[in-house]
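The data block below is input-v2.csv; it holds CSV, C-alpha atoms.
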```csv
chain,number,residue,atom,x,y,z
H,1,MET,CA,0.0,0.0,0.0
H,2,THR,CA,1.3,3.4,-1.0
H,3,VAL,CA,1.6,5.8,1.9
H,4,ASP,CA,2.5,9.5,1.7
H,5,VAL,CA,5.2,10.6,4.2
H,6,VAL,CA,5.0,14.1,5.7
H,7,LEU,CA,7.8,15.4,7.8
H,8,VAL,CA,6.5,18.2,10.1
H,9,ALA,CA,8.9,20.7,11.7
H,10,HIS,CA,8.4,23.9,13.7
H,11,GLY,CA,9.4,26.3,11.0
H,12,THR,CA,12.1,29.0,10.9
H,13,ARG,CA,13.4,31.7,8.6
H,14,ASN,CA,17.0,30.9,9.5
H,15,PRO,CA,18.7,29.4,6.4
H,16,ARG,CA,20.8,27.0,8.4
H,17,GLY,CA,17.7,25.7,10.2
H,18,LEU,CA,15.8,25.3,6.9
H,19,ALA,CA,18.8,23.5,5.5
H,20,THR,CA,18.7,21.0,8.4
H,21,VAL,CA,15.1,20.2,7.8
H,22,ALA,CA,15.8,19.8,4.1
H,23,GLU,CA,18.6,17.4,4.9
H,24,LEU,CA,16.3,15.3,7.1
H,25,ALA,CA,13.7,15.1,4.4
H,26,ALA,CA,16.4,14.2,1.8
H,27,GLY,CA,17.7,11.5,4.2
H,28,LEU,CA,14.2,10.0,4.6
H,29,THR,CA,13.6,10.2,0.9
H,30,GLY,CA,16.7,8.1,0.3
H,31,ARG,CA,15.3,5.5,2.7
H,32,LEU,CA,11.6,5.6,2.0
H,33,GLY,CA,10.9,7.4,-1.2
H,34,PRO,CA,9.4,10.9,-1.7
H,35,VAL,CA,8.8,12.9,1.5
H,36,ARG,CA,6.8,16.1,1.8
H,37,THR,CA,7.7,18.8,4.4
H,38,ALA,CA,5.3,20.9,6.4
H,39,PHE,CA,5.7,23.5,9.2
H,40,VAL,CA,3.4,24.3,12.1
H,41,ASP,CA,4.7,27.9,12.6
H,42,VAL,CA,6.6,30.8,10.9
H,43,LEU,CA,6.3,29.6,7.3
H,44,GLY,CA,4.4,27.2,5.1
H,45,PRO,CA,3.1,25.0,3.8
H,46,ASN,CA,1.3,23.8,7.0
H,47,PRO,CA,0.3,20.2,7.6
H,48,ARG,CA,-3.4,20.9,6.6
H,49,GLU,CA,-2.3,22.2,3.2
H,50,VAL,CA,0.1,19.3,2.5
H,51,LEU,CA,-2.4,16.6,3.6
H,52,ALA,CA,-5.2,18.1,1.6
H,53,GLU,CA,-3.0,17.5,-1.5
H,54,ALA,CA,-2.0,13.9,-0.5
H,55,THR,CA,-3.2,11.2,-2.9
H,56,ALA,CA,-2.8,8.3,-0.5
H,57,PRO,CA,-3.0,7.5,3.2
H,58,ALA,CA,-0.4,9.5,5.0
H,59,VAL,CA,2.1,9.1,7.8
H,60,VAL,CA,3.0,12.3,9.6
H,61,VAL,CA,6.4,12.4,11.3
H,62,PRO,CA,6.8,15.2,13.9
H,63,ALA,CA,10.4,16.4,14.0
H,64,PHE,CA,10.1,17.7,17.6
H,65,LEU,CA,12.2,16.8,20.6
H,66,ALA,CA,9.4,16.7,23.1
H,67,SER,CA,5.6,16.2,23.1
H,68,GLY,CA,4.6,19.8,23.7
H,69,TYR,CA,1.8,22.0,22.4
H,70,HIS,CA,2.7,21.7,18.7
H,71,VAL,CA,2.7,17.9,18.9
H,72,ARG,CA,-0.3,17.3,21.2
H,73,THR,CA,-2.6,20.2,20.2
H,74,ASP,CA,-1.5,22.2,17.1
H,75,LEU,CA,-0.6,19.2,14.8
H,76,PRO,CA,-3.8,17.2,15.5
H,77,ALA,CA,-5.9,20.4,14.9
H,78,ARG,CA,-4.2,20.9,11.5
H,79,ILE,CA,-4.8,17.2,10.6
H,80,ALA,CA,-8.5,17.5,11.5
H,81,GLU,CA,-8.8,20.6,9.4
H,82,SER,CA,-7.5,18.7,6.4
H,83,GLY,CA,-10.6,16.5,6.5
H,84,ARG,CA,-8.4,13.4,6.2
H,85,ARG,CA,-9.2,10.3,8.3
H,86,ASP,CA,-6.4,8.1,6.9
H,87,VAL,CA,-3.5,9.8,8.6
H,88,ALA,CA,-1.2,8.0,11.1
H,89,VAL,CA,1.1,10.2,13.3
H,90,THR,CA,4.3,8.9,14.8
H,91,ARG,CA,5.3,10.0,18.2
H,92,ALA,CA,7.7,12.9,18.7
H,93,LEU,CA,11.3,12.5,17.8
H,94,GLY,CA,12.4,12.6,21.4
H,95,PRO,CA,13.2,11.6,24.0
H,96,ASP,CA,15.0,8.5,22.7
H,97,PRO,CA,18.3,6.7,23.5
H,98,VAL,CA,19.4,7.4,19.9
H,99,LEU,CA,19.3,11.1,20.5
H,100,ALA,CA,21.3,10.7,23.7
H,101,ALA,CA,23.9,8.8,21.6
H,102,VAL,CA,24.0,11.6,19.0
H,103,MET,CA,24.3,14.2,21.8
H,104,ARG,CA,27.3,12.3,23.3
H,105,ALA,CA,29.0,12.2,19.9
H,106,ARG,CA,28.5,16.0,19.4
H,107,LEU,CA,29.9,16.6,22.9
H,108,VAL,CA,33.0,14.5,22.1
H,109,GLU,CA,33.4,16.6,18.9
H,110,ALA,CA,33.3,19.7,21.0
H,111,GLY,CA,36.1,18.5,23.3
H,112,TRP,CA,34.1,17.0,26.2
H,113,ARG,CA,35.9,14.4,28.3
H,114,PRO,CA,34.6,12.0,31.0
H,115,GLY,CA,34.4,13.9,34.2
H,116,ASP,CA,33.5,17.3,32.6
H,117,THR,CA,30.2,18.8,33.9
H,118,VAL,CA,27.4,18.8,31.3
H,119,VAL,CA,24.5,21.1,30.9
H,120,MET,CA,21.8,19.9,28.4
H,121,ALA,CA,20.4,22.9,26.7
H,122,ALA,CA,16.8,22.7,25.6
H,123,ALA,CA,14.5,25.4,24.1
H,124,GLY,CA,12.1,24.8,27.0
H,125,SER,CA,8.3,24.6,27.3
H,126,SER,CA,5.5,25.6,29.6
H,127,ASP,CA,3.8,22.3,28.8
H,128,PRO,CA,4.2,19.8,31.7
H,129,ALA,CA,4.3,16.8,29.4
H,130,ALA,CA,7.1,18.4,27.4
H,131,ARG,CA,9.0,19.2,30.5
H,132,ARG,CA,8.8,15.6,31.6
H,133,ASP,CA,10.1,14.6,28.2
H,134,LEU,CA,13.1,16.9,28.6
H,135,VAL,CA,13.9,15.5,32.0
H,136,ARG,CA,13.8,12.0,30.6
H,137,ALA,CA,16.1,13.2,27.7
H,138,ALA,CA,18.6,14.5,30.2
H,139,ASN,CA,18.5,11.2,32.2
H,140,LEU,CA,19.1,9.3,29.0
H,141,LEU,CA,22.1,11.4,28.2
H,142,ALA,CA,23.5,11.0,31.7
H,143,ALA,CA,23.2,7.2,31.3
H,144,ARG,CA,25.0,7.4,27.9
H,145,LEU,CA,27.9,9.5,29.4
H,146,GLY,CA,28.5,7.0,32.2
H,147,PRO,CA,29.1,7.6,35.9
H,148,GLN,CA,32.0,10.0,35.4
H,149,GLY,CA,30.0,12.2,33.2
H,150,SER,CA,26.8,12.4,35.1
H,151,PRO,CA,24.6,13.9,36.3
H,152,VAL,CA,23.4,16.0,33.4
H,153,HIS,CA,21.9,19.4,34.4
H,154,LEU,CA,18.9,20.6,32.4
H,155,GLY,CA,18.8,24.2,31.4
H,156,PHE,CA,16.6,26.2,29.1
H,157,VAL,CA,17.3,28.7,26.3
H,158,ALA,CA,13.9,30.3,25.8
H,159,THR,CA,11.2,29.1,28.2
H,160,GLY,CA,11.8,28.0,31.8
H,161,ARG,CA,14.3,28.2,34.6
H,162,PRO,CA,17.1,27.7,35.2
H,163,THR,CA,18.5,29.2,32.1
H,164,VAL,CA,21.6,27.6,30.5
H,165,ALA,CA,23.7,30.6,31.4
H,166,GLU,CA,22.6,30.5,35.1
H,167,LEU,CA,23.5,26.8,35.3
H,168,VAL,CA,26.9,27.2,33.7
H,169,ASP,CA,27.7,30.1,36.1
H,170,ARG,CA,26.6,28.0,39.1
H,171,LEU,CA,28.5,24.9,38.1
H,172,ARG,CA,31.9,26.4,37.1
H,173,ARG,CA,34.6,25.6,39.5
H,174,PRO,CA,38.4,25.7,39.4
H,175,ARG,CA,39.7,22.8,37.4
H,176,ARG,CA,36.2,21.7,36.5
H,177,ARG,CA,35.1,22.2,32.9
H,178,VAL,CA,31.5,22.7,31.9
H,179,TYR,CA,30.2,21.7,28.4
H,180,ILE,CA,26.8,22.3,26.9
H,181,ALA,CA,25.0,19.5,25.1
H,182,SER,CA,22.6,21.1,22.6
H,183,TYR,CA,19.2,19.4,22.7
H,184,LEU,CA,18.2,21.4,19.7
H,185,LEU,CA,17.4,20.0,16.3
H,186,ALA,CA,19.0,22.7,14.1
H,187,PRO,CA,21.2,25.8,14.1
H,188,GLY,CA,19.5,29.1,14.6
H,189,VAL,CA,18.8,31.8,17.2
H,190,PHE,CA,18.6,29.4,20.2
H,191,ALA,CA,21.8,27.6,19.2
H,192,ASP,CA,23.6,30.9,18.7
H,193,ARG,CA,22.7,32.0,22.3
H,194,LEU,CA,24.6,29.1,23.7
H,195,ALA,CA,28.0,30.5,22.6
H,196,ASP,CA,27.5,33.4,25.1
H,197,ALA,CA,26.6,31.1,28.1
H,198,GLY,CA,30.2,31.0,29.4
H,199,ALA,CA,30.8,27.2,29.0
H,200,ASP,CA,34.2,25.7,28.0
H,201,GLY,CA,32.6,24.2,25.0
H,202,VAL,CA,29.3,24.0,23.2
H,203,ALA,CA,28.2,20.9,21.2
H,204,ALA,CA,26.6,21.3,17.8
H,205,PRO,CA,22.8,20.7,17.5
H,206,LEU,CA,21.6,17.2,16.7
H,207,GLY,CA,21.2,18.1,13.0
H,208,ALA,CA,20.6,15.6,10.2
H,209,HIS,CA,22.8,12.9,11.9
H,210,PRO,CA,22.5,9.6,10.0
H,211,ASP,CA,21.3,7.8,13.2
H,212,LEU,CA,18.6,10.4,13.7
H,213,VAL,CA,17.4,10.0,10.1
H,214,ALA,CA,17.4,6.2,10.6
H,215,LEU,CA,15.3,6.7,13.8
H,216,LEU,CA,12.7,8.7,11.8
H,217,GLY,CA,12.7,6.1,9.1
H,218,ARG,CA,12.0,3.3,11.7
H,219,ARG,CA,9.1,5.4,13.0
H,220,VAL,CA,7.6,5.6,9.5
H,221,VAL,CA,8.0,1.8,8.9
H,222,GLU,CA,6.3,1.0,12.2
H,223,ALA,CA,3.4,3.4,11.3
H,224,ARG,CA,3.1,1.8,7.9
H,225,ALA,CA,3.0,-1.7,9.5
H,226,ARG,CA,0.2,-0.5,11.9
H,227,ARG,CA,-1.7,1.0,9.0
H,228,LEU,CA,-1.5,-2.3,7.0
H,229,SER,CA,-2.6,-4.3,10.1
H,230,SER,CA,-5.5,-2.0,10.7
H,231,THR,CA,-6.6,-2.1,7.0
H,232,SER,CA,-6.4,-5.9,7.0
H,233,ARG,CA,-8.6,-6.1,10.2
H,234,ASP,CA,-11.1,-3.6,8.8
H,235,SER,CA,-11.3,-5.7,5.6
H,236,GLN,CA,-11.9,-8.9,7.5
H,237,ASN,CA,-14.6,-7.3,9.7
H,238,ARG,CA,-16.5,-6.2,6.6
H,239,ARG,CA,-16.7,-9.7,5.2
```

Would you mind writing the structure in this file as structure tokens?
Amino acid sequence: MTVDVVLVAHGTRNPRGLATVAELAAGLTGRLGPVRTAFVDVLGPNPREVLAEATAPAVVVPAFLASGYHVRTDLPARIAESGRRDVAVTRALGPDPVLAAVMRARLVEAGWRPGDTVVMAAAGSSDPAARRDLVRAANLLAARLGPQGSPVHLGFVATGRPTVAELVDRLRRPRRRVYIASYLLAPGVFADRLADAGADGVAAPLGAHPDLVALLGRRVVEARARRLSSTSRDSQNRR
């Protein structure tokens, strides 16, 4: 059964952020076939517009690191507005052990060593479910770093306290280095702010890492399998 795949991101006018979303879509296309892209904010097309043009059942893949407002409220509303009832939605991109592994790799690239203090920088959210997701993501990173690299301290760039800069200032000690793990999907305004937080090093955002693309691909395959199973049951029930 043919299934249209729609990758949904937040939206940004930052060229580097848009390039990352394009790289994610290209990576998925290489694994799954054509992928459409939609945005829930800032620019279009939005999910409603893309789904209205779809010619087959669709799988929507939210490229969000936590299940906040956009994933739990905004995206379902746009899907409902499309009038489509044949849409499956994968869960949010994070938290996931794969993302923790990518964050660790980015930290190593930035110069982090076991024993260095780590602040995980997230955009933040006022949504309690999203905050719980971020805490879980920090715990997954701590487990990935090992006992010498934990605990991981969670800080926020946009919404919530403590801020990343506050944490870095609090945790800095003589002979103790502090590194920032960027729990951000793409370069942009939030990632740029981390350079001024006073840390000894700042890891790059997750970006279109091959393991992240593979994770998105697995989510689509699982959703397709559920769709096939559901279609098969419906067909049998009508007999």

Taking (22.2, 5.1, 13.1) in the coordinates of the supplied file, I want to know which residues reach to within 12 Å of it, counting all atoms listed in the file; could you give the answer as a ChimeraX atom specification? /H:27,97-99,101-102,105,208-218

Using all atoms listed in the file: which of H:Ala66, H:Met120, H:Leu75, H:Val40 has the shortest distance to Val89 in chain H: H:Leu75

Restricting the calculation to only C-alpha atoms, which member of H:Thr37, H:Thr159, H:Thr117, H:Ser67 is positioned closest to Pro147 in chain H? H:Thr117

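In terms of minimum interatomic distance to Ala38 in chain H, H:Val8 ranks closest within H:Glu53, H:Leu18, H:Val8, H:Val164, counting only C-alpha atoms.
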
Name the closest residue to Leu171 in chain H among the candidates H:Gly11, H:Arg193, H:Val118, H:Ala223; distances are taken between atoms, counting only C-alpha atoms. H:Val118

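For the point (18.5, 33.8, 12.3), the residues with at least one atom inside 6 Å, counting all atoms listed in the file, are Asn14, Gly188 and Val189 of chain H.
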
Using all atoms listed in the file, which protein or nucleic acid residues come within 9 Å of Arg16 in chain H? Drop anything in the same chain fewer than 5 positions from it, and give the result as an NGL selection string. :H and (21 or 186-188)
